[in-house]
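Below is the file data.txt, which contains compact mmCIF, C-alpha atoms.
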# COMPACT_ATOMS: atom_id res chain seq x y z
CA MET Q 633 -180.67 -20.04 -126.58
CA ILE Q 634 -182.91 -17.39 -125.09
CA SER Q 635 -181.51 -13.93 -125.76
CA ILE Q 636 -181.85 -11.47 -122.86
CA ALA Q 637 -181.10 -7.77 -123.23
CA ILE Q 638 -180.58 -5.85 -119.98
CA LEU Q 639 -180.91 -2.13 -120.65
CA THR Q 640 -178.11 0.00 -119.21
CA LEU Q 641 -180.32 3.00 -118.59
CA LYS Q 642 -179.09 6.40 -117.50
CA ASN Q 643 -179.97 6.70 -113.78
CA ALA Q 644 -180.35 2.91 -113.49
CA VAL Q 645 -179.90 1.22 -110.13
CA MET Q 646 -176.66 -0.68 -110.64
CA ALA Q 647 -177.71 -3.59 -108.43
CA SER Q 648 -180.75 -4.35 -110.58
CA ILE Q 649 -178.52 -4.69 -113.63
CA ALA Q 650 -175.85 -6.76 -111.91
CA ASP Q 651 -178.29 -9.01 -110.04
CA THR Q 652 -180.23 -9.80 -113.20
CA ALA Q 653 -177.09 -10.83 -115.05
CA TYR Q 654 -175.94 -12.85 -112.02
CA VAL Q 655 -179.23 -14.77 -111.75
CA PHE Q 656 -179.28 -15.95 -115.35
CA ALA Q 657 -175.54 -16.76 -115.30
CA THR Q 658 -176.15 -18.85 -112.17
CA VAL Q 659 -178.99 -20.72 -113.87
CA ASN Q 660 -176.73 -21.47 -116.84
CA GLU Q 661 -174.13 -22.92 -114.46
CA LEU Q 662 -176.76 -25.03 -112.73
CA LEU Q 663 -178.03 -26.39 -116.03
CA GLU Q 664 -174.49 -27.34 -117.05
CA LYS Q 665 -174.02 -29.19 -113.75
CA LEU Q 666 -177.17 -31.14 -114.57
CA GLY Q 667 -175.74 -32.11 -117.94
CA GLN Q 668 -177.88 -29.65 -119.88
CA PRO Q 669 -176.69 -26.91 -122.22
CA PRO Q 670 -176.82 -23.30 -120.98
CA LEU Q 671 -180.11 -21.65 -121.87
CA PHE Q 672 -179.59 -17.91 -121.58
CA GLU Q 673 -177.47 -15.52 -123.58
CA VAL Q 674 -177.32 -12.28 -121.60
CA LYS Q 675 -176.18 -8.99 -123.08
CA LEU Q 676 -175.99 -5.53 -121.58
CA LEU Q 677 -177.54 -3.17 -124.09
CA GLY Q 678 -177.07 0.58 -124.27
CA THR Q 679 -177.34 3.67 -126.44
CA ASP Q 680 -173.70 4.64 -125.76
CA LYS Q 681 -170.43 2.77 -125.35
CA GLU Q 682 -170.28 3.63 -121.64
CA VAL Q 683 -172.78 4.70 -119.00
CA GLN Q 684 -171.94 6.37 -115.70
CA LEU Q 685 -174.22 5.40 -112.83
CA SER Q 686 -174.71 6.58 -109.23
CA ASN Q 687 -172.96 9.90 -109.84
CA GLY Q 688 -169.99 8.23 -111.44
CA ILE Q 689 -169.42 5.58 -108.76
CA PHE Q 690 -170.07 2.85 -111.33
CA SER Q 691 -169.23 2.66 -115.00
CA VAL Q 692 -171.00 0.19 -117.28
CA LYS Q 693 -169.81 -0.73 -120.75
CA PRO Q 694 -172.66 -2.36 -122.71
CA ASP Q 695 -171.96 -5.50 -124.72
CA VAL Q 696 -173.96 -4.16 -127.62
CA ILE Q 697 -175.33 -0.82 -128.82
CA MET Q 698 -179.12 -0.74 -129.24
CA ASP Q 699 -179.13 -0.28 -133.02
CA ASP Q 700 -176.81 -3.28 -133.43
CA LEU Q 701 -179.21 -5.76 -131.81
CA PRO Q 702 -182.08 -6.33 -134.26
CA LYS Q 703 -183.85 -8.98 -132.18
CA THR Q 704 -183.98 -10.35 -128.66
CA ASP Q 705 -186.32 -12.63 -126.70
CA LEU Q 706 -186.54 -10.84 -123.36
CA ILE Q 707 -185.89 -7.21 -122.42
CA ILE Q 708 -185.11 -6.30 -118.82
CA ILE Q 709 -185.79 -2.69 -117.83
CA PRO Q 710 -183.85 -2.09 -114.59
CA SER Q 711 -184.95 0.05 -111.69
CA MET Q 712 -184.19 3.77 -111.94
CA MET Q 713 -182.96 6.26 -109.34
CA GLY Q 714 -184.35 9.67 -108.45
CA ASP Q 715 -187.36 11.30 -110.10
CA ALA Q 716 -189.03 8.43 -111.96
CA ILE Q 717 -190.72 10.59 -114.60
CA ALA Q 718 -187.49 12.45 -115.35
CA ALA Q 719 -185.53 9.19 -115.41
CA ALA Q 720 -187.98 7.68 -117.90
CA TYR Q 721 -187.75 10.77 -120.09
CA VAL Q 722 -183.93 10.81 -120.29
CA ASN Q 723 -184.14 7.19 -121.44
CA LYS Q 724 -186.89 7.85 -123.99
CA ASP Q 725 -184.63 6.78 -126.86
CA TYR Q 726 -185.18 3.17 -125.76
CA ALA Q 727 -188.96 3.42 -126.15
CA SER Q 728 -189.28 2.87 -129.90
CA TRP Q 729 -186.77 0.00 -129.77
CA ILE Q 730 -188.73 -1.70 -126.98
CA ILE Q 731 -191.99 -1.29 -128.92
CA ASP Q 732 -190.41 -2.71 -132.07
CA GLN Q 733 -188.96 -5.70 -130.21
CA TYR Q 734 -192.30 -6.40 -128.51
CA LYS Q 735 -194.05 -6.38 -131.89
CA GLN Q 736 -191.48 -8.96 -133.06
CA GLY Q 737 -192.38 -11.25 -130.15
CA ALA Q 738 -190.00 -10.19 -127.40
CA GLU Q 739 -191.23 -10.12 -123.81
CA VAL Q 740 -190.52 -7.11 -121.60
CA ALA Q 741 -189.93 -7.09 -117.84
CA SER Q 742 -189.65 -3.91 -115.76
CA LEU Q 743 -188.00 -3.94 -112.35
CA CYS Q 744 -189.39 -1.59 -109.68
CA THR Q 745 -189.48 2.00 -111.06
CA GLY Q 746 -188.49 0.70 -114.47
CA ALA Q 747 -192.27 0.48 -114.88
CA PHE Q 748 -192.28 4.21 -115.64
CA LEU Q 749 -190.25 3.63 -118.80
CA LEU Q 750 -192.39 0.63 -119.77
CA ALA Q 751 -195.52 2.76 -119.30
CA PHE Q 752 -193.89 5.54 -121.35
CA THR Q 753 -193.82 3.17 -124.34
CA GLY Q 754 -197.62 2.88 -124.24
CA LEU Q 755 -197.47 -0.92 -124.12
CA LEU Q 756 -199.13 -0.99 -120.69
CA ARG Q 757 -202.23 0.90 -121.76
CA ASP Q 758 -205.34 -0.84 -120.35
CA ARG Q 759 -203.15 -3.45 -118.68
CA GLN Q 760 -201.96 -4.17 -115.16
CA CYS Q 761 -198.63 -3.16 -113.69
CA THR Q 762 -196.90 -2.82 -110.33
CA THR Q 763 -194.01 -0.67 -109.15
CA HIS Q 764 -192.44 0.58 -105.92
CA TRP Q 765 -195.28 1.46 -103.53
CA ALA Q 766 -193.66 4.84 -102.76
CA TYR Q 767 -194.15 5.87 -106.41
CA ALA Q 768 -197.68 4.49 -106.78
CA ASN Q 769 -199.55 7.76 -106.53
CA GLU Q 770 -197.19 9.46 -108.98
CA PHE Q 771 -197.56 6.55 -111.40
CA ARG Q 772 -201.36 6.72 -111.25
CA TYR Q 773 -201.26 10.46 -111.90
CA TYR Q 774 -199.07 10.27 -115.01
CA TYR Q 775 -200.41 6.97 -116.38
CA PRO Q 776 -204.14 6.84 -115.58
CA ASP Q 777 -204.75 4.41 -118.46
CA VAL Q 778 -202.65 1.73 -116.72
CA THR Q 779 -204.20 -0.36 -113.93
CA LEU Q 780 -201.67 -0.12 -111.12
CA VAL Q 781 -201.89 -2.97 -108.60
CA ASP Q 782 -199.18 -1.73 -106.27
CA GLU Q 783 -200.06 -4.31 -103.62
CA LYS Q 784 -198.64 -7.05 -105.85
CA VAL Q 785 -195.01 -8.12 -106.07
CA ILE Q 786 -195.33 -9.34 -109.67
CA THR Q 787 -197.64 -8.79 -112.63
CA HIS Q 788 -197.69 -10.60 -115.96
CA GLN Q 789 -199.98 -9.87 -118.89
CA HIS Q 790 -199.45 -10.43 -122.59
CA GLY Q 791 -195.69 -10.88 -122.34
CA LEU Q 792 -195.26 -7.79 -120.14
CA TYR Q 793 -193.92 -8.25 -116.61
CA SER Q 794 -193.38 -5.88 -113.72
CA SER Q 795 -192.18 -6.11 -110.12
CA GLY Q 796 -192.80 -4.09 -106.98
CA GLY Q 797 -190.42 -2.10 -104.82
CA ASN Q 798 -186.66 -2.54 -104.64
CA ASN Q 799 -185.77 -6.18 -103.89
CA ALA Q 800 -189.12 -7.41 -105.23
CA TYR Q 801 -187.33 -7.76 -108.56
CA TRP Q 802 -185.71 -10.93 -107.21
CA ASN Q 803 -189.15 -12.54 -107.20
CA LEU Q 804 -189.76 -11.50 -110.80
CA LEU Q 805 -186.38 -12.90 -111.83
CA LEU Q 806 -187.26 -16.22 -110.18
CA TYR Q 807 -190.65 -16.12 -111.89
CA LEU Q 808 -188.92 -15.74 -115.25
CA VAL Q 809 -186.46 -18.52 -114.43
CA GLU Q 810 -189.37 -20.85 -113.69
CA LYS Q 811 -191.17 -19.82 -116.87
CA TYR Q 812 -188.19 -20.54 -119.09
CA THR Q 813 -186.85 -23.61 -117.24
CA SER Q 814 -188.82 -25.48 -114.57
CA ARG Q 815 -190.13 -25.22 -111.03
CA GLU Q 816 -187.25 -27.40 -109.87
CA ILE Q 817 -184.63 -25.06 -111.33
CA ALA Q 818 -186.43 -22.01 -109.93
CA ILE Q 819 -186.53 -23.52 -106.44
CA HIS Q 820 -182.84 -24.38 -106.61
CA THR Q 821 -182.08 -20.82 -107.72
CA ALA Q 822 -184.24 -19.39 -104.92
CA LYS Q 823 -182.37 -21.47 -102.36
CA PHE Q 824 -179.02 -20.39 -103.75
CA PHE Q 825 -179.93 -16.72 -103.41
CA VAL Q 826 -181.95 -17.29 -100.18
CA ILE Q 827 -185.13 -15.76 -101.61
CA ASP Q 828 -188.75 -16.56 -100.71
CA ILE Q 829 -189.87 -17.82 -104.11
CA ASP Q 830 -193.61 -17.42 -103.67
CA ARG Q 831 -193.88 -13.91 -102.24
CA ARG Q 832 -196.84 -12.39 -104.06
CA TYR Q 833 -197.74 -9.20 -102.18
CA GLN Q 834 -195.84 -6.11 -101.01
CA SER Q 835 -198.83 -4.76 -99.05
CA PRO Q 836 -197.23 -5.30 -95.60
CA PHE Q 837 -194.30 -3.07 -96.62
CA ILE Q 838 -196.34 -0.09 -97.81
CA ILE Q 839 -196.03 3.08 -95.73
CA PHE Q 840 -198.88 5.51 -96.28
CA ASN Q 841 -197.60 9.09 -96.24
CA GLY Q 842 -200.66 10.77 -97.68
CA GLN Q 843 -201.21 11.82 -101.27
CA LYS Q 844 -200.38 15.51 -101.29
CA ASN Q 845 -198.60 16.15 -104.57
CA HIS Q 846 -201.45 18.34 -105.80
CA GLU Q 847 -202.35 22.04 -105.61
CA ASP Q 848 -205.90 21.97 -104.23
CA ASP Q 849 -205.55 23.87 -100.95
CA THR Q 850 -209.04 22.92 -99.79
CA ILE Q 851 -208.29 19.22 -100.18
CA LEU Q 852 -204.92 19.65 -98.47
CA ARG Q 853 -206.78 21.16 -95.51
CA SER Q 854 -209.17 18.20 -95.51
CA GLN Q 855 -206.25 15.78 -95.47
CA GLU Q 856 -204.69 17.61 -92.54
CA PHE Q 857 -208.05 17.55 -90.74
CA ILE Q 858 -208.33 13.77 -91.26
CA GLU Q 859 -204.78 13.17 -90.04
CA GLN Q 860 -205.38 15.26 -86.93
CA ASN Q 861 -208.78 13.77 -86.11
CA TYR Q 862 -208.61 10.17 -87.35
CA LYS Q 863 -209.23 8.78 -83.85
CA GLY Q 864 -212.83 9.99 -84.00
CA LYS Q 865 -215.68 8.65 -86.12
CA LEU Q 866 -215.16 10.89 -89.11
CA THR Q 867 -217.82 11.21 -91.79
CA VAL Q 868 -217.67 12.73 -95.24
CA ASP Q 869 -220.47 15.16 -94.35
CA GLN Q 870 -218.61 16.31 -91.24
CA ILE Q 871 -215.42 17.09 -93.17
CA ALA Q 872 -217.35 18.82 -95.96
CA ASP Q 873 -219.06 21.04 -93.35
CA VAL Q 874 -215.70 21.98 -91.83
CA LEU Q 875 -214.50 23.02 -95.29
CA ASN Q 876 -217.77 24.78 -96.07
CA VAL Q 877 -218.29 22.94 -99.36
CA SER Q 878 -221.03 20.58 -100.51
CA ARG Q 879 -220.46 16.88 -100.04
CA ARG Q 880 -220.71 16.21 -103.77
CA THR Q 881 -218.15 18.89 -104.62
CA PHE Q 882 -215.85 17.75 -101.83
CA GLU Q 883 -215.90 14.10 -102.89
CA ARG Q 884 -215.31 14.98 -106.54
CA ARG Q 885 -212.37 17.28 -105.79
CA PHE Q 886 -210.88 14.86 -103.25
CA LYS Q 887 -210.89 11.98 -105.73
CA LYS Q 888 -209.41 14.15 -108.45
CA ALA Q 889 -206.58 15.41 -106.20
CA THR Q 890 -205.67 12.20 -104.33
CA ARG Q 891 -206.93 9.39 -106.60
CA SER Q 892 -208.69 8.01 -103.48
CA THR Q 893 -212.18 8.39 -102.12
CA VAL Q 894 -212.55 10.23 -98.81
CA VAL Q 895 -213.53 7.01 -97.04
CA GLU Q 896 -210.53 5.14 -98.48
CA TYR Q 897 -208.23 7.94 -97.32
CA ILE Q 898 -209.64 7.90 -93.79
CA GLN Q 899 -209.16 4.13 -93.67
CA ARG Q 900 -205.56 4.38 -94.90
CA VAL Q 901 -204.73 7.00 -92.24
CA LYS Q 902 -206.31 4.89 -89.49
CA ILE Q 903 -204.56 1.71 -90.61
CA GLU Q 904 -201.18 3.45 -90.90
CA ALA Q 905 -201.59 4.63 -87.30
CA THR Q 906 -202.58 1.07 -86.36
CA LYS Q 907 -199.43 -0.35 -87.94
CA LYS Q 908 -197.21 1.99 -85.96
CA LEU Q 909 -198.93 1.03 -82.71
CA LEU Q 910 -198.61 -2.68 -83.50
CA GLU Q 911 -194.91 -2.34 -84.35
CA THR Q 912 -194.03 -1.05 -80.88
CA GLY Q 913 -195.46 -1.37 -77.40
CA LYS Q 914 -197.66 -4.04 -75.88
CA ARG Q 915 -201.20 -2.77 -76.33
CA SER Q 916 -203.76 -5.45 -77.08
CA ILE Q 917 -205.39 -5.58 -80.49
CA ASN Q 918 -208.62 -4.33 -78.91
CA GLU Q 919 -206.86 -1.35 -77.35
CA VAL Q 920 -205.25 -0.44 -80.64
CA MET Q 921 -208.57 -0.79 -82.45
CA TYR Q 922 -210.35 1.62 -80.09
CA HIS Q 923 -207.39 4.03 -80.12
CA VAL Q 924 -207.63 4.55 -83.90
CA GLY Q 925 -211.40 4.97 -83.87
CA TYR Q 926 -212.86 1.55 -84.65
CA SER Q 927 -215.35 -0.20 -82.40
CA ASP Q 928 -216.20 -3.37 -84.34
CA MET Q 929 -213.47 -6.02 -84.46
CA LYS Q 930 -214.66 -7.69 -87.67
CA THR Q 931 -214.77 -4.39 -89.56
CA PHE Q 932 -211.37 -3.43 -88.18
CA ARG Q 933 -209.78 -6.77 -89.12
CA ASP Q 934 -211.33 -6.78 -92.60
CA ILE Q 935 -210.11 -3.27 -93.43
CA PHE Q 936 -206.66 -3.93 -91.98
CA LYS Q 937 -206.27 -7.12 -94.01
CA LYS Q 938 -207.58 -5.48 -97.17
CA ILE Q 939 -204.93 -2.76 -96.92
CA THR Q 940 -201.95 -4.74 -95.57
CA GLY Q 941 -202.68 -8.28 -96.72
CA MET Q 942 -202.29 -9.51 -93.12
CA THR Q 943 -204.37 -9.72 -89.96
CA PRO Q 944 -203.49 -7.25 -87.17
CA ASN Q 945 -202.05 -10.05 -85.06
CA ASP Q 946 -199.96 -11.49 -87.90
CA TYR Q 947 -198.62 -8.00 -88.62
CA ARG Q 948 -197.76 -7.56 -84.96
CA ILE Q 949 -195.94 -10.89 -84.83
CA LYS Q 950 -193.95 -9.98 -87.95
CA TYR Q 951 -192.79 -6.54 -86.83
CA ASN Q 952 -192.94 -6.45 -83.02
CA LYS Q 953 -190.64 -9.07 -81.56
CA GLU Q 954 -191.38 -8.03 -77.99
CA ALA Q 955 -195.18 -8.21 -78.20
CA ALA Q 956 -196.97 -11.23 -76.80
CA VAL Q 957 -198.80 -13.37 -79.32
CA LEU Q 958 -202.52 -12.91 -78.70

Please go through the file and, once you have read it, give me the structure as structure tokens.
Amino acid sequence: MISIAILTLKNAVMASIADTAYVFATVNELLEKLGQPPLFEVKLLGTDKEVQLSNGIFSVKPDVIMDDLPKTDLIIIPSMMGDAIAAAYVNKDYASWIIDQYKQGAEVASLCTGAFLLAFTGLLRDRQCTTHWAYANEFRYYYPDVTLVDEKVITHQHGLYSSGGNNAYWNLLLYLVEKYTSREIAIHTAKFFVIDIDRRYQSPFIIFNGQKNHEDDTILRSQEFIEQNYKGKLTVDQIADVLNVSRRTFERRFKKATRSTVVEYIQRVKIEATKKLLETGKRSINEVMYHVGYSDMKTFRDIFKKITGMTPNDYRIKYNKEAAVL
């Protein structure tokens, strides 16, 4: 039997706990129907005998208290609600237990913002991770020694797993099912839950809202200038002149404040505007391209695909049901 411990964190998203238990229980039932013994032993693990979630709407009673479970094979860190850094901190008592279990050979999987607690343990240092795209900038700020690949739905390195935003954890659960059973069982499970088993990227779902959780007023002014003038052919020198700072100083301060280069930021603003135009209305791709300040179709398509993982036309087809297919 493979022992799975689902952590009943304070501030956990109840669905991520319940869905995880449901998936592995369903796989056990499927295996029994196929004449095979159940494979997973799932336990809810906590630091207290009862945990209140979602402001008391839900009450979870763990099967086992953390100190009473000396060894497990797989740890599931559920998604957390609210301020991710604060949520990780209030659950810090789990950190040493997770580290100890990992050293004994256990694997650890974080769902969505659960990555903040996994990063808190230090196990992700110099490794890859993903999380909800809306928390990506915050994650990079607090855990600069972790390589965040927020465009991905799933990461897996050295027995450490993570999943992207919200329902992306379904794809990680299917990934784990396939790892521990077979592709056939994983496909059957995916069909039962009506999940696209091979979704690998969350790029098309990312909404770029700027990276303004810093206190550099000059850089905030530069971001506002970019967002107000993105339709033109902006250059780094032009923005630096407007701010009355040297280009070198501007680029250094911009990267420090936003974790992006100036050019990357301009591209993200332009592509976010592009996405909104493609989602509504019937402008042609060329019209949209010129509207956001690009003049070369290949450059426009390459940047759009790099950021969203899709071509402009594919994105339009996906999100604008009234637009004609070009």

Excluding Asn799 of chain Q and its own-chain neighbours fewer than 5 positions away, which residues fall within 12 Å of it when counting all atoms listed in the file? Please give them as a PDB file with C-alpha atoms, keeping the file's coordinate frame.
ATOM      1  CA  VAL Q 645    -179.900   1.220-110.130  1.00  0.00           C
ATOM      2  CA  ALA Q 647    -177.710  -3.590-108.430  1.00  0.00           C
ATOM      3  CA  SER Q 648    -180.750  -4.350-110.580  1.00  0.00           C
ATOM      4  CA  ASP Q 651    -178.290  -9.010-110.040  1.00  0.00           C
ATOM      5  CA  THR Q 652    -180.230  -9.800-113.200  1.00  0.00           C
ATOM      6  CA  PRO Q 710    -183.850  -2.090-114.590  1.00  0.00           C
ATOM      7  CA  SER Q 711    -184.950   0.050-111.690  1.00  0.00           C
ATOM      8  CA  LEU Q 743    -188.000  -3.940-112.350  1.00  0.00           C
ATOM      9  CA  CYS Q 744    -189.390  -1.590-109.680  1.00  0.00           C
ATOM     10  CA  THR Q 745    -189.480   2.000-111.060  1.00  0.00           C
ATOM     11  CA  THR Q 763    -194.010  -0.670-109.150  1.00  0.00           C
ATOM     12  CA  HIS Q 764    -192.440   0.580-105.920  1.00  0.00           C
ATOM     13  CA  VAL Q 785    -195.010  -8.120-106.070  1.00  0.00           C
ATOM     14  CA  ILE Q 786    -195.330  -9.340-109.670  1.00  0.00           C
ATOM     15  CA  LEU Q 804    -189.760 -11.500-110.800  1.00  0.00           C
ATOM     16  CA  LEU Q 805    -186.380 -12.900-111.830  1.00  0.00           C
ATOM     17  CA  LEU Q 806    -187.260 -16.220-110.180  1.00  0.00           C
ATOM     18  CA  ILE Q 827    -185.130 -15.760-101.610  1.00  0.00           C
ATOM     19  CA  ASP Q 828    -188.750 -16.560-100.710  1.00  0.00           C
ATOM     20  CA  ARG Q 831    -193.880 -13.910-102.240  1.00  0.00           C
ATOM     21  CA  GLN Q 834    -195.840  -6.110-101.010  1.00  0.00           C
ATOM     22  CA  PHE Q 837    -194.300  -3.070 -96.620  1.00  0.00           C
TER      23      PHE Q 837
END

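Atom CA of Gly796 of chain Q is positioned 6.6 Å from atom CA of Lys784 of chain Q.
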
Between Q:Gln855, Q:Asn945, Q:Thr753, Q:Asn643, which has the minimum distance to Met921 of chain Q (counting all atoms listed in the file)?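 For Met921 of chain Q, the nearest of the given residues is Q:Asn945.
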
Please tabulate, as a Markdown table, the residues of segment 757-826 of chain Q that come within 10 Å of segment 667-674 of chain Q, each with its closest pair of atoms and the distance in Å to one decimal, counting all atoms listed in the file and ordering rows by chain, then residue number upward.
| residue | atom | partner | partner_atom | distance |
| --- | --- | --- | --- | --- |
| Q:Val809 | CA | Q:Phe672 | CA | 9.9 |
| Q:Tyr812 | CA | Q:Leu671 | CA | 8.6 |
| Q:Thr813 | CA | Q:Leu671 | CA | 8.4 |

Provide the atom CA of Thr658 of chain Q to atom CA of Leu792 of chain Q distance in Å, to one decimal place.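 Going from atom CA of Thr658 of chain Q over to atom CA of Leu792 of chain Q, I get 23.5 Å.
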
For Asn841 of chain Q, please output as a list in words all residues within 12 Å (counting all atoms listed in the file; exclusion window: fewer than 3 positions along the same chain).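 That gives Trp765, Ala766, Tyr767, Ala768, Asn769, Ile838, Lys844, Asn845, Gln855, Glu856, Glu859, Thr890, Tyr897, Arg900, Val901, Lys902, Ile903, Glu904 and Ala905 of chain Q.
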
To one decimal in Å, tell me the separation between atom CA of Tyr775 of chain Q and atom CA of Ala751 of chain Q.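 Calculated distance between atom CA of Tyr775 of chain Q and atom CA of Ala751 of chain Q is 7.1 Å.
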
For Ala738 of chain Q: contacts at 12 Å, all atoms listed in the file, fewer than 2 positions along chain excluded, given as a ChimeraX atom specification: /Q:634-637,702-708,729-736,740-741,790-793

Which residues, written as a ChimeraX atom specification, have at least one atom at most 8 Å from Met646 of chain Q, with only C-alpha atoms counted and residues fewer than 6 positions away on the same chain left out? /Q:685-686,690

With 6 Å added on each side, what axis-aligned box encloses every listed atom of segment 643-653 of chain Q? Give the centre and edge lengths in Å to one decimal, as JSON.
{"center_x": -178.3, "center_y": -2.1, "center_z": -111.7, "size_x": 16.9, "size_y": 29.5, "size_z": 18.6}

Quick one: residues within 7 Å of segment 875-889 of chain Q, all atoms listed in the file, excluding same-chain residues fewer than 4 positions away - as a PyMOL selection string? chain Q and resi 846+848+851+868-869+871+893-894

Residue nearest Ala716 of chain Q - candidates Q:Asp777, Q:Asp830, Q:Asp946, Q:Glu770, atoms counted: all atoms listed in the file: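 Of all the options, Q:Glu770 lies closest to Ala716 of chain Q.
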
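Between Val895 of chain Q and the candidates Q:Ile935, Q:Asp680, Q:Leu909, Q:Thr762, the tightest atom-to-atom separation, counting all atoms listed in the file, involves Q:Ile935.
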
Interface rows for segment 646-719 of chain Q against segment 819-823 of chain Q: nearest pair, Å to one decimal, 12 Å, all atoms listed in the file, as a Markdown table:
| residue | atom | partner | partner_atom | distance |
| --- | --- | --- | --- | --- |
| Q:Tyr654 | CA | Q:Thr821 | CA | 10.9 |
| Q:Val655 | CA | Q:Thr821 | CA | 7.8 |
| Q:Phe656 | CA | Q:Thr821 | CA | 9.5 |
| Q:Ala657 | CA | Q:Thr821 | CA | 10.8 |
| Q:Thr658 | CA | Q:Thr821 | CA | 7.7 |
| Q:Val659 | CA | Q:Thr821 | CA | 6.9 |
| Q:Asn660 | CA | Q:Thr821 | CA | 10.6 |
| Q:Glu661 | CA | Q:Thr821 | CA | 10.6 |
| Q:Leu662 | CA | Q:Thr821 | CA | 8.4 |
| Q:Leu663 | CA | Q:His820 | CA | 10.8 |
| Q:Leu666 | CA | Q:His820 | CA | 11.9 |

Export of prior selection with C-alpha atoms as a tab-separated table (two decimals), in the coordinates of the input:
chain	number	residue	atom	x	y	z
Q	654	TYR	CA	-175.94	-12.85	-112.02
Q	655	VAL	CA	-179.23	-14.77	-111.75
Q	656	PHE	CA	-179.28	-15.95	-115.35
Q	657	ALA	CA	-175.54	-16.76	-115.30
Q	658	THR	CA	-176.15	-18.85	-112.17
Q	659	VAL	CA	-178.99	-20.72	-113.87
Q	660	ASN	CA	-176.73	-21.47	-116.84
Q	661	GLU	CA	-174.13	-22.92	-114.46
Q	662	LEU	CA	-176.76	-25.03	-112.73
Q	663	LEU	CA	-178.03	-26.39	-116.03
Q	666	LEU	CA	-177.17	-31.14	-114.57
